[in-house]
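S.K.: The structure follows.
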There are 2 protein chains.
Amino acid sequence: MTTDDTGPLADTLSRELRHLVMLLRRTTAGQPVTSQQYSVLGSLEGAPRRMTELAEEHGVQLPTMTVQINRLEDAGLVARGSDASDARVRTVELTGEGRSRLRAVRQARIAYLARQLETLTPEERSAISVALPALAKLGRA
Amino acid sequence: MTTDDTGPLADTLSRELRHLVMLLRRTTAGQPVTSQQYSVLGSLEGAPRRMTELAEEHGVQLPTMTVQINRLEDAGLVARGSDASDARVRTVELTGEGRSRLRAVRQARIAYLARQLETLTPEERSAISVALPALAKLGRA
DNA sequence: GCAAATAGTTAGCTTGCCTAAGTTAGGCTG
DNA sequence: CAGCCTAACTTAGGCAAGCTAACTATTTGC
């Protein structure tokens, strides 16, 4: 059953993903927000969100998200609010500072990855580009 | 300068990689070794290695590797040895237990990813397959 | 109106990473 | 060959990020 042709592909893919993970993690190293914080800020770009939503979206337990938001709040990047119709619910939204910090970090990350991508040939970039939808689907599964 | 055509690609790629990271991390969740431990065990498959080698290979500082190896040693999965020609050097190798644990975890991870891959169409799998060398190159950069 | 469910937070533990400081061994130089 | 510098590790201490269990405060449903 595992002697499919997907076996070797799965093996190689898992190895490569590990390397890329390391690459990306270091992209945020030394920056004013960590990789996770950046990713949470990204979820807040549109509208205020509830704690539960955030936790689910990031595949994390509620207490973990509480701590993350605490730190972001201490840093002045997000603000907690309350839901008008349900007093149990806390909402979280970006502050102005948070919004501009998000922009800056995103800029830096994209620039970094773009620089890396430029070391590839056009064919290689195109191959990645073509594979992206499939990788996306894999990530949602 | 960042208004290259690599910009959007970089942006999308970084998002997708985040999702895949989460996917893979949970693959090891609940298993007897963590994702990092698994990856260290993998480095030991061939021959005994030195601490410094391991740290470099995993992009980690030496003290971090010391702690990892301590835990693996406590768990009976690796054994420390000494280098005959240089008494400063500690070597690390798999125990029998470590070897079989490695096999089991690898099996599980590959089977998991392979199962995920089977939800894709042959075309999507092929796209990922084609992109792998480029992703690998990106990871080494 | 009280019990159960829901939303968050707090507390305490683990992993994983880091830097700084120590220890021991090897190597070079005067 | 003595003394010093470097190299290989380990130890100690600190922080981020994750988890579960236990607590508080609401809401809902019988």
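The way I read the labels, and the way they are meant: chains A, B, ... in the order of the structure tokens, residue 1 as the first residue of every chain, and ligand 1 as the first ligand shown, with later ones counted on from there.
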Could I get the residues of chain D with an atom no further than 9 Å from an atom of chain B, each paired with its nearest atom pair and that distance in Å to one decimal, using only C-alpha atoms (C1' of nucleotides), sorted by chain and residue number, as a tab-separated table?

M.R.:
```
residue	atom	partner	partner_atom	distance
D:DA7	C1'	B:Arg88	CA	8.3
D:DA8	C1'	B:Arg88	CA	5.4
D:DC9	C1'	B:Arg88	CA	7.3
D:DT10	C1'	B:Pro63	CA	7.4
D:DT11	C1'	B:Pro63	CA	9.0
```

S.K.: Go through A:Glu93, A:Asp74, A:Glu118, A:Asp83 one by one, measure the shortest atom-to-atom distance of each to chain C using only C-alpha atoms (C1' of nucleotides), and give the residue with the smallest value.

M.R.: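 The answer is A:Asp83, which sits nearest to chain C.
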
S.K.: May I have the residues within 12 Å of stretch 10-15 of chain C as a list of chain:residue names, using only C-alpha atoms (C1' of nucleotides) and disregarding those fewer than 5 positions away in the same chain?

M.R.: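 That gives A:Pro63, A:Thr64, A:Thr66, A:Val67, B:Val33, B:Thr34, B:Ser35, B:Gln36, B:Gln37, B:Thr64, B:Val67, B:Gln68, B:Arg71, D:DA16, D:DA17, D:DG18, D:DC19, D:DT20, D:DA21, D:DA22, D:DC23, D:DT24.
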
S.K.: Tell me, as number ranges by chain, which residues lie within 12 Å of C:DA5, counting only C-alpha atoms (C1' of nucleotides); anything in the same chain fewer than 3 positions away does not count.

M.R.: D: 26-29

S.K.: What are the closest atom pairs, with distances in Å to one decimal, for all residues of chain A lying within 6 Å of chain B? Consider only C-alpha atoms, order rows by chain and residue number, and present the result as JSON lines.

M.R.:
```
{"residue": "A:Thr6", "atom": "CA", "partner": "B:Ala114", "partner_atom": "CA", "distance": 5.3}
{"residue": "A:Gly7", "atom": "CA", "partner": "B:Ala114", "partner_atom": "CA", "distance": 5.7}
{"residue": "A:Ala10", "atom": "CA", "partner": "B:Ala114", "partner_atom": "CA", "distance": 5.3}
{"residue": "A:Asp11", "atom": "CA", "partner": "B:Ile110", "partner_atom": "CA", "distance": 5.7}
{"residue": "A:Glu16", "atom": "CA", "partner": "B:Ala136", "partner_atom": "CA", "distance": 5.7}
{"residue": "A:His19", "atom": "CA", "partner": "B:Gly139", "partner_atom": "CA", "distance": 5.3}
{"residue": "A:Leu20", "atom": "CA", "partner": "B:Gly139", "partner_atom": "CA", "distance": 4.9}
{"residue": "A:Ile110", "atom": "CA", "partner": "B:Ala10", "partner_atom": "CA", "distance": 5.6}
{"residue": "A:Leu113", "atom": "CA", "partner": "B:Ala10", "partner_atom": "CA", "distance": 5.4}
{"residue": "A:Ala114", "atom": "CA", "partner": "B:Ala10", "partner_atom": "CA", "distance": 5.3}
{"residue": "A:Glu124", "atom": "CA", "partner": "B:Ala134", "partner_atom": "CA", "distance": 5.2}
{"residue": "A:Ala127", "atom": "CA", "partner": "B:Ala131", "partner_atom": "CA", "distance": 4.8}
{"residue": "A:Ile128", "atom": "CA", "partner": "B:Ala131", "partner_atom": "CA", "distance": 5.0}
{"residue": "A:Ala131", "atom": "CA", "partner": "B:Ala127", "partner_atom": "CA", "distance": 4.8}
{"residue": "A:Ala134", "atom": "CA", "partner": "B:Glu124", "partner_atom": "CA", "distance": 5.2}
{"residue": "A:Ala136", "atom": "CA", "partner": "B:Glu16", "partner_atom": "CA", "distance": 5.6}
{"residue": "A:Gly139", "atom": "CA", "partner": "B:Leu20", "partner_atom": "CA", "distance": 4.9}
```

S.K.: What are the closest atom pairs, with distances in Å to one decimal, for all residues of stretch 60-135 of chain B lying within 10 Å of stretch 42-47 of chain B? Consider only C-alpha atoms, order rows by chain and residue number, and present the result as a Markdown table.

M.R.:
```
| residue | atom | partner | partner_atom | distance |
| --- | --- | --- | --- | --- |
| B:Val78 | CA | B:Leu44 | CA | 8.8 |
| B:Thr91 | CA | B:Ala47 | CA | 9.8 |
| B:Val92 | CA | B:Leu44 | CA | 7.6 |
| B:Glu93 | CA | B:Leu44 | CA | 6.0 |
| B:Leu94 | CA | B:Leu44 | CA | 6.2 |
| B:Thr95 | CA | B:Leu44 | CA | 9.9 |
| B:Gly98 | CA | B:Glu45 | CA | 9.5 |
| B:Arg99 | CA | B:Glu45 | CA | 7.4 |
| B:Leu102 | CA | B:Gly42 | CA | 7.1 |
| B:Arg103 | CA | B:Gly42 | CA | 9.3 |
| B:Arg106 | CA | B:Gly42 | CA | 8.9 |
```

S.K.: Could you make a table, as JSON lines, of the residues of chain C that have an atom within 12 Å of an atom of chain B, each with its nearest atom pair and distance in Å to one decimal, counting only C-alpha atoms (C1' of nucleotides), in chain and number order?

M.R.:
```
{"residue": "C:DT14", "atom": "C1'", "partner": "B:Thr34", "partner_atom": "CA", "distance": 11.3}
{"residue": "C:DT15", "atom": "C1'", "partner": "B:Thr34", "partner_atom": "CA", "distance": 8.6}
{"residue": "C:DG16", "atom": "C1'", "partner": "B:Thr64", "partner_atom": "CA", "distance": 7.6}
{"residue": "C:DC17", "atom": "C1'", "partner": "B:Thr64", "partner_atom": "CA", "distance": 6.9}
{"residue": "C:DC18", "atom": "C1'", "partner": "B:Gln61", "partner_atom": "CA", "distance": 8.0}
{"residue": "C:DT19", "atom": "C1'", "partner": "B:Pro63", "partner_atom": "CA", "distance": 9.9}
{"residue": "C:DA20", "atom": "C1'", "partner": "B:Pro63", "partner_atom": "CA", "distance": 11.4}
{"residue": "C:DT23", "atom": "C1'", "partner": "B:Arg88", "partner_atom": "CA", "distance": 10.6}
{"residue": "C:DT24", "atom": "C1'", "partner": "B:Arg88", "partner_atom": "CA", "distance": 7.1}
{"residue": "C:DA25", "atom": "C1'", "partner": "B:Arg88", "partner_atom": "CA", "distance": 5.5}
{"residue": "C:DG26", "atom": "C1'", "partner": "B:Asp86", "partner_atom": "CA", "distance": 7.8}
```

S.K.: Atom CA of A:Leu54 and atom CA of A:Ser100 are how many Å apart?

M.R.: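 So the answer is 20.1 Å.
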
S.K.: May I ask for the distance between atom CA of B:Ala55 and atom CA of B:Arg101, given in Å to one decimal place?

M.R.: 21.3 Å

S.K.: Please run DSSP on the backbone and report, as a VMD selection string, all residues within chain B that come out as strand (DSSP E).

M.R.: chain B and resid 49 to 50 78 to 82 90 to 94
